[in-house]
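**Student:** Here's a structure for you.
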Amino acid sequence: MFTGIKVLDLSDFQGAFCSYLLRHVGCEVITIEPPGGSQIRRMEPVYQGEGLWWQAYGRGKESLVLDILDPDSPDRADLVTLIGQADILIHDYTQTQANALRLDYETIEGINPTIVVAAITPFGGDGPKADWPASDLTVWAASGAHYLSGDADRPPVRTSVPQSFQHAGADAAGALLIGLFERNRSGRGQFIDVSAQASSAQAALGANLAIPNGSGYEVQRIAGGLQATFPIQLTWPCKDGYVAVTLLFGPSFDEPNRRLLSWCMEEGFCTQEDVDTQWGQELMAMTAEQKSPEPYFELCQKIEKFTLTHTQQELFEEGVARGIYIAPTFDISGLMTEPHFQAREYWHKLQLMEKLVDKPVSVPGAFAKMSETPIAPPPAAPALNSLSGSPHFTTGPIELPDPSPTDLPLAGLKVLDFMWVIAGPFFTRVLANYGATVIKVESTTRLEPARGAPTFKDAEPGIDRGVPFANFNTDKMSITIDPANPVGQEVLKDLVKWADVVTDSFSPKAMVGWGLGYEDLKTINPDIIMLSSCLMGQTGPRASVAGYGNMAAALSGFYDLTGWQDRSPAGPYLAYTDGVAPRFMLVALMSALEHRRHTGQGQRIDISQAEAAIHFLSPGIFEYGLTGNIWHRAGNRDRYHAPHGVFPTQKDNLSSEGWIAIAVTSDEQWQHLCTALELTELAQDERLKSREGRVENQDQLDDAIALKTQNYDPFELQSKLIAARVPAHVVQNSAQAQVDPQYVHRNHFVDAPHTPTGSMVVENTRFKFSRTPGRVERAGPELGEHNFQVLQDILGYDDDRIADIYASLAME
């Protein structure tokens, strides 16, 4: 782990999740707070005067009060001393702000050229939007993820526990650890620029790429599902709530769909013909508009009649036994009582400061199970100024070699990748973009599900034309090997000898069944690192639950927290936790690589997608544990600020809808909003001059603001409000995101070479390194594109051996 690595966190809530993750993997973290404490200490929910955002994400850190906003403060000498001794520095300043504070990277590098610095800001350190006023809501609107979630007849909706800076902070943590990995070779630090807009865009799961790739339609929102060429239902009502059911398109879903319908038929809700239909392939044809979707709509009605006869728990338990992709949509209380997490000893009993509570509170524990370096959940968050002005970093910086290498940070790392669909491929894509050689193992008989998922390049379906797959798998190599074939197994064992890391995203039995479990791999390559990530983890009573990120999002509380109070849960877009868990995988792997660097020892890493994602909801879990209050969905409203919502505008020529997100976070901004929108009566209303008064009168505010905003062009109104220093942003769809000047400035969308189609627009890396930047050289590979190259160039097989392998059908 990273014992002895010293982290200096100058950020407020924007960077708190980053240093929280670093503390989990052994780093020593000092948070520098201004006199009076950071804003995060006051963020709702509050219990006995203590903000629970700080209690959630300040765990294990130390607090030191320094006045660093005044460059001439006498505290500056202490700050310089700490910078000179630190390995990592985190801040939330744009380039303009950093220059004004004399904390720009050039100044920091002058103090300590070995330090790795990350800036976590709403839109990135520079560019046309860098210094815009912003909030979680407006960043989410800018990302493209917001547009995809909610009911079709209402405004797009966010998750009520704010998410954007958790995405950015988790990205920054992984990036910093890559930076440390590179520093081991070069001896030098560098600057990492993290944009919360770009990080949050990962939650769109590639939907932002529909329009630039000529997919023929814009992905739309639909509560509890997704809207492609027609609505796809993913959430069904039951006796006591809702369940997530994955009935999806592509041949790989034929068998899971059949298992669900067989149960429905047994109870009299569908026919044998329904069971025998290959619905995965039928749905794929329907999404390509080759067939009418009416039979699918009729099938959904039959399934709904079935689910309404059962409770959540009945559907979940029997679904587990039958291998059906079904999961309950838990709220936080249901999440806390789910026996699987108890069996895995996931919850950590945390003793908070005496002022808060005299008994332990159950909070999220280790985000990964690591066989050789177990993660010890950090203790309670500290009181303000717990160091009492006594900085205690004591070791100095490492020596600088000359000249400094400029290779990609992960150059030389070798990865054998059995990951598929979304979460795992997102993770291994980062490794490939930063220099690792990643060989993706595929099959022609059990097709990678993402290959058959829309949207498609130029609206032409095909296993090598899927836009999401091309985006999730940039810069990887693809080989097709049957792991059940004896000759294929021999090839895979040679690749295990070659590899540093083996990754998979299957339920526990799969790799063991192929003779590729961790114990098998260790006999072939004793220092191998194996990272396995599936829905519920490799152990526990739900370990056999197969499924996708929509199910993990339902289980872990995100569905209940996304939508409107008077309607069923809308859920975040599609497989939300598939965009969350990859960040935790990266942090875990970089920790294992650090351990191996010191000891030569590999290890097994077990990551439950659900358990990792739960950390994004920690403030709500703290509140439930301390008060019993359950944080539920509340549309786009905020518990602390008002007005705070998404309001109608005129339609833009790039969208069939017009929406703008507005978030007032201070009394001054409220007056500026009233002036900009000519809300004269509201500006004079004494009840609304305080934050508390505005929160109590949100219905009145929302109605009055909507009457004004609906008359504006969305981008003209956005400019008007930004000029007034009010956080606001158009809720962008795919077409609008492509021309967003900030995305353009950061080169977020790149036209990458793609063997089957010539080129494909994909997303660039989500964080920017100053000295050894990552790169996207090609979109995802064609199925089996690198078979011969791997056998000949990597494994060194001669022509006769290669011919024998092809003849044995090991290469499919």
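Chain labels follow the order of the structure tokens: the first chain is A, the next B, and so on; residue numbering restarts at 1 in every chain, and ligands are counted from 1 in their shown order.
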Might you pull out every residue within 8 Å of Gln538 of chain A, with only C-alpha atoms counted and same-chain residues fewer than 2 positions away left off, and present them as a list in words?

**Tutor:**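 Residues near the query, excluding close chain neighbours: Ser507, Pro508, Ser532, Ser533, Cys534, Met536, Gly540, Ala543, Asp606, Ile607 and Ser608 of chain A.
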
**Student:** Write a file of the just-selected residues containing all heavy atoms, as a PDB file, in the first residue's frame.

**Tutor:**
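Below you can see out.pdb, which holds the result:
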ATOM      1  N   SER A 507     -18.822 -13.890 -12.428  1.00  0.00           N
ATOM      2  CA  SER A 507     -19.162 -14.428 -11.113  1.00  0.00           C
ATOM      3  C   SER A 507     -18.123 -15.474 -10.732  1.00  0.00           C
ATOM      4  O   SER A 507     -17.370 -15.958 -11.584  1.00  0.00           O
ATOM      5  CB  SER A 507     -20.574 -15.014 -11.132  1.00  0.00           C
ATOM      6  OG  SER A 507     -20.683 -16.023 -12.106  1.00  0.00           O
ATOM      7  N   PRO A 508     -18.036 -15.858  -9.458  1.00  0.00           N
ATOM      8  CA  PRO A 508     -16.874 -16.614  -8.961  1.00  0.00           C
ATOM      9  C   PRO A 508     -16.549 -17.920  -9.683  1.00  0.00           C
ATOM     10  O   PRO A 508     -15.382 -18.294  -9.778  1.00  0.00           O
ATOM     11  CB  PRO A 508     -17.257 -16.888  -7.501  1.00  0.00           C
ATOM     12  CG  PRO A 508     -18.184 -15.784  -7.144  1.00  0.00           C
ATOM     13  CD  PRO A 508     -18.947 -15.461  -8.381  1.00  0.00           C
ATOM     14  N   SER A 532     -10.603  -9.196  -9.709  1.00  0.00           N
ATOM     15  CA  SER A 532     -11.917  -9.691 -10.114  1.00  0.00           C
ATOM     16  C   SER A 532     -12.979  -8.726  -9.623  1.00  0.00           C
ATOM     17  O   SER A 532     -13.005  -8.359  -8.445  1.00  0.00           O
ATOM     18  CB  SER A 532     -12.178 -11.079  -9.517  1.00  0.00           C
ATOM     19  OG  SER A 532     -11.225 -12.013  -9.967  1.00  0.00           O
ATOM     20  N   SER A 533     -13.843  -8.330 -10.533  1.00  0.00           N
ATOM     21  CA  SER A 533     -14.921  -7.418 -10.160  1.00  0.00           C
ATOM     22  C   SER A 533     -16.224  -7.918 -10.753  1.00  0.00           C
ATOM     23  O   SER A 533     -16.342  -8.062 -11.967  1.00  0.00           O
ATOM     24  CB  SER A 533     -14.638  -6.000 -10.664  1.00  0.00           C
ATOM     25  OG  SER A 533     -15.743  -5.164 -10.398  1.00  0.00           O
ATOM     26  N   CYS A 534     -17.179  -8.214  -9.892  1.00  0.00           N
ATOM     27  CA  CYS A 534     -18.517  -8.558 -10.368  1.00  0.00           C
ATOM     28  C   CYS A 534     -19.530  -7.804  -9.518  1.00  0.00           C
ATOM     29  O   CYS A 534     -19.167  -6.992  -8.661  1.00  0.00           O
ATOM     30  CB  CYS A 534     -18.746 -10.056 -10.341  1.00  0.00           C
ATOM     31  SG  CYS A 534     -18.614 -10.817  -8.711  1.00  0.00           S
ATOM     32  N   MET A 536     -21.639  -8.407  -7.002  1.00  0.00           N
ATOM     33  CA  MET A 536     -21.732  -8.502  -5.547  1.00  0.00           C
ATOM     34  C   MET A 536     -20.452  -9.014  -4.896  1.00  0.00           C
ATOM     35  O   MET A 536     -20.411  -9.207  -3.681  1.00  0.00           O
ATOM     36  CB  MET A 536     -22.896  -9.415  -5.151  1.00  0.00           C
ATOM     37  CG  MET A 536     -24.240  -8.955  -5.689  1.00  0.00           C
ATOM     38  SD  MET A 536     -24.775  -7.354  -5.048  1.00  0.00           S
ATOM     39  CE  MET A 536     -25.371  -7.820  -3.431  1.00  0.00           C
ATOM     40  N   GLY A 540     -19.863 -14.521  -0.267  1.00  0.00           N
ATOM     41  CA  GLY A 540     -21.120 -14.080   0.308  1.00  0.00           C
ATOM     42  C   GLY A 540     -22.311 -14.750  -0.343  1.00  0.00           C
ATOM     43  O   GLY A 540     -22.221 -15.331  -1.426  1.00  0.00           O
ATOM     44  N   ALA A 543     -23.063 -13.923  -4.010  1.00  0.00           N
ATOM     45  CA  ALA A 543     -21.919 -13.903  -4.926  1.00  0.00           C
ATOM     46  C   ALA A 543     -22.274 -14.446  -6.301  1.00  0.00           C
ATOM     47  O   ALA A 543     -21.696 -14.028  -7.305  1.00  0.00           O
ATOM     48  CB  ALA A 543     -20.756 -14.702  -4.332  1.00  0.00           C
ATOM     49  N   ASP A 606     -10.610  -8.475  -4.853  1.00  0.00           N
ATOM     50  CA  ASP A 606     -12.036  -8.768  -5.048  1.00  0.00           C
ATOM     51  C   ASP A 606     -12.807  -7.479  -4.844  1.00  0.00           C
ATOM     52  O   ASP A 606     -12.840  -6.930  -3.737  1.00  0.00           O
ATOM     53  CB  ASP A 606     -12.460  -9.850  -4.033  1.00  0.00           C
ATOM     54  CG  ASP A 606     -13.974 -10.019  -3.918  1.00  0.00           C
ATOM     55  OD1 ASP A 606     -14.709  -9.541  -4.800  1.00  0.00           O
ATOM     56  OD2 ASP A 606     -14.418 -10.647  -2.928  1.00  0.00           O
ATOM     57  N   ILE A 607     -13.416  -6.999  -5.916  1.00  0.00           N
ATOM     58  CA  ILE A 607     -14.194  -5.759  -5.834  1.00  0.00           C
ATOM     59  C   ILE A 607     -15.645  -6.049  -6.190  1.00  0.00           C
ATOM     60  O   ILE A 607     -15.948  -6.528  -7.287  1.00  0.00           O
ATOM     61  CB  ILE A 607     -13.635  -4.666  -6.765  1.00  0.00           C
ATOM     62  CG1 ILE A 607     -12.269  -4.214  -6.260  1.00  0.00           C
ATOM     63  CG2 ILE A 607     -14.586  -3.473  -6.845  1.00  0.00           C
ATOM     64  CD1 ILE A 607     -11.692  -3.047  -7.021  1.00  0.00           C
ATOM     65  N   SER A 608     -16.532  -5.757  -5.250  1.00  0.00           N
ATOM     66  CA  SER A 608     -17.968  -5.791  -5.505  1.00  0.00           C
ATOM     67  C   SER A 608     -18.364  -4.425  -6.057  1.00  0.00           C
ATOM     68  O   SER A 608     -18.140  -3.391  -5.429  1.00  0.00           O
ATOM     69  CB  SER A 608     -18.725  -6.065  -4.207  1.00  0.00           C
ATOM     70  OG  SER A 608     -20.046  -5.572  -4.267  1.00  0.00           O
TER      71      SER A 608
END

**Student:** Rank nothing, just name the residue among A:Ala724, A:Ala119, A:Asn485, A:Asp703 nearest to His672 of chain A, using only C-alpha atoms.

**Tutor:**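 Comparing A:Ala724, A:Ala119, A:Asn485, A:Asp703 against His672 of chain A, the winner is A:Ala724.
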
**Student:** Need the shell around Cys27 of chain A: protein/DNA/RNA residues with any atom at most 10 Å away, counting only C-alpha atoms. Skip same-chain ones fewer than 3 positions apart. Format as a PDB file with N, CA and C atoms, in the first residue's frame?

**Tutor:**
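around.pdb written:
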ATOM      1  N   MET A   1       0.847  -1.192   0.000  1.00  0.00           N
ATOM      2  CA  MET A   1       0.000   0.000   0.000  1.00  0.00           C
ATOM      3  C   MET A   1       0.884   1.244   0.000  1.00  0.00           C
ATOM      4  N   PHE A   2       0.302   2.381   0.335  1.00  0.00           N
ATOM      5  CA  PHE A   2       1.029   3.638   0.209  1.00  0.00           C
ATOM      6  C   PHE A   2       1.408   4.221   1.576  1.00  0.00           C
ATOM      7  N   THR A   3       1.779   3.347   2.499  1.00  0.00           N
ATOM      8  CA  THR A   3       2.262   3.798   3.794  1.00  0.00           C
ATOM      9  C   THR A   3       3.477   4.706   3.602  1.00  0.00           C
ATOM     10  N   GLY A   4       3.450   5.848   4.260  1.00  0.00           N
ATOM     11  CA  GLY A   4       4.562   6.788   4.130  1.00  0.00           C
ATOM     12  C   GLY A   4       4.363   7.834   3.058  1.00  0.00           C
ATOM     13  N   ILE A   5       3.332   7.670   2.197  1.00  0.00           N
ATOM     14  CA  ILE A   5       3.047   8.685   1.180  1.00  0.00           C
ATOM     15  C   ILE A   5       2.253   9.809   1.833  1.00  0.00           C
ATOM     16  N   LYS A   6       2.723  11.027   1.673  1.00  0.00           N
ATOM     17  CA  LYS A   6       2.198  12.188   2.379  1.00  0.00           C
ATOM     18  C   LYS A   6       1.360  13.039   1.434  1.00  0.00           C
ATOM     19  N   VAL A   7       0.113  13.268   1.823  1.00  0.00           N
ATOM     20  CA  VAL A   7      -0.849  13.990   0.997  1.00  0.00           C
ATOM     21  C   VAL A   7      -1.238  15.284   1.695  1.00  0.00           C
ATOM     22  N   SER A  19      -8.997  12.640  -1.473  1.00  0.00           N
ATOM     23  CA  SER A  19      -8.118  12.335  -0.342  1.00  0.00           C
ATOM     24  C   SER A  19      -8.721  11.259   0.554  1.00  0.00           C
ATOM     25  N   TYR A  20     -10.040  11.122   0.564  1.00  0.00           N
ATOM     26  CA  TYR A  20     -10.711  10.034   1.287  1.00  0.00           C
ATOM     27  C   TYR A  20     -10.264   8.681   0.739  1.00  0.00           C
ATOM     28  N   LEU A  21     -10.250   8.527  -0.585  1.00  0.00           N
ATOM     29  CA  LEU A  21      -9.800   7.268  -1.182  1.00  0.00           C
ATOM     30  C   LEU A  21      -8.317   7.029  -0.925  1.00  0.00           C
ATOM     31  N   LEU A  22      -7.521   8.071  -1.042  1.00  0.00           N
ATOM     32  CA  LEU A  22      -6.086   7.916  -0.796  1.00  0.00           C
ATOM     33  C   LEU A  22      -5.823   7.506   0.651  1.00  0.00           C
ATOM     34  N   ARG A  23      -6.595   8.021   1.570  1.00  0.00           N
ATOM     35  CA  ARG A  23      -6.433   7.618   2.967  1.00  0.00           C
ATOM     36  C   ARG A  23      -6.761   6.138   3.148  1.00  0.00           C
ATOM     37  N   HIS A  24      -7.747   5.619   2.400  1.00  0.00           N
ATOM     38  CA  HIS A  24      -8.103   4.203   2.495  1.00  0.00           C
ATOM     39  C   HIS A  24      -6.940   3.293   2.116  1.00  0.00           C
ATOM     40  N   ILE A  30      -3.176  15.300   5.390  1.00  0.00           N
ATOM     41  CA  ILE A  30      -3.434  16.513   6.175  1.00  0.00           C
ATOM     42  C   ILE A  30      -4.311  17.434   5.331  1.00  0.00           C
ATOM     43  N   GLY A  60     -10.215   9.666   8.902  1.00  0.00           N
ATOM     44  CA  GLY A  60      -8.812   9.297   8.946  1.00  0.00           C
ATOM     45  C   GLY A  60      -7.839  10.401   8.610  1.00  0.00           C
ATOM     46  N   LYS A  61      -8.345  11.580   8.287  1.00  0.00           N
ATOM     47  CA  LYS A  61      -7.470  12.695   7.932  1.00  0.00           C
ATOM     48  C   LYS A  61      -7.082  13.465   9.201  1.00  0.00           C
ATOM     49  N   ASP A  87       4.303  14.291  -0.908  1.00  0.00           N
ATOM     50  CA  ASP A  87       4.361  13.531  -2.161  1.00  0.00           C
ATOM     51  C   ASP A  87       3.246  13.934  -3.109  1.00  0.00           C
ATOM     52  N   ILE A  88       2.093  14.271  -2.536  1.00  0.00           N
ATOM     53  CA  ILE A  88       0.896  14.596  -3.314  1.00  0.00           C
ATOM     54  C   ILE A  88       0.291  15.875  -2.762  1.00  0.00           C
TER      55      ILE A  88
END

**Student:** Quick one: of A:Phe316, A:Trp631, A:Phe788, A:Phe456, who's nearest to Val761 of chain A, counting only C-alpha atoms?

**Tutor:**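 Distance minimum relative to Val761 of chain A lands on A:Phe456.
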
**Student:** Using only C-alpha atoms, which of A:Ile222, A:Met530, A:Val726, A:Ala752 sits nearest Ser371 of chain A?

**Tutor:**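 Among A:Ile222, A:Met530, A:Val726, A:Ala752, it is A:Met530 that comes nearest to Ser371 of chain A.
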
**Student:** Residues at most 6 Å from Ile529 of chain A, counting only C-alpha atoms, excluding those fewer than 4 positions away in the same chain, as an mmCIF file with N, CA and C atoms, in the first residue's frame?

**Tutor:**
data_model
loop_
_atom_site.group_PDB
_atom_site.id
_atom_site.type_symbol
_atom_site.label_atom_id
_atom_site.label_comp_id
_atom_site.auth_asym_id
_atom_site.auth_seq_id
_atom_site.Cartn_x
_atom_site.Cartn_y
_atom_site.Cartn_z
ATOM 1 N N VAL A 501 -0.750 -8.575 -14.698
ATOM 2 C CA VAL A 501 -2.084 -8.435 -14.116
ATOM 3 C C VAL A 501 -3.067 -9.245 -14.950
ATOM 4 N N GLY A 602 2.550 -10.657 -5.571
ATOM 5 C CA GLY A 602 1.253 -10.369 -6.169
ATOM 6 C C GLY A 602 0.144 -10.573 -5.157
ATOM 7 N N GLN A 603 -1.115 -10.446 -5.609
ATOM 8 C CA GLN A 603 -2.233 -10.709 -4.705
ATOM 9 C C GLN A 603 -3.542 -10.779 -5.463
ATOM 10 N N ARG A 604 -4.588 -11.172 -4.758
ATOM 11 C CA ARG A 604 -5.947 -11.247 -5.294
ATOM 12 C C ARG A 604 -6.732 -10.033 -4.824
#

**Student:** Between atom CA of Asp475 of chain A and atom CA of Gly796 of chain A, measure the distance and give it in Å to one decimal.

**Tutor:** 21.5 Å
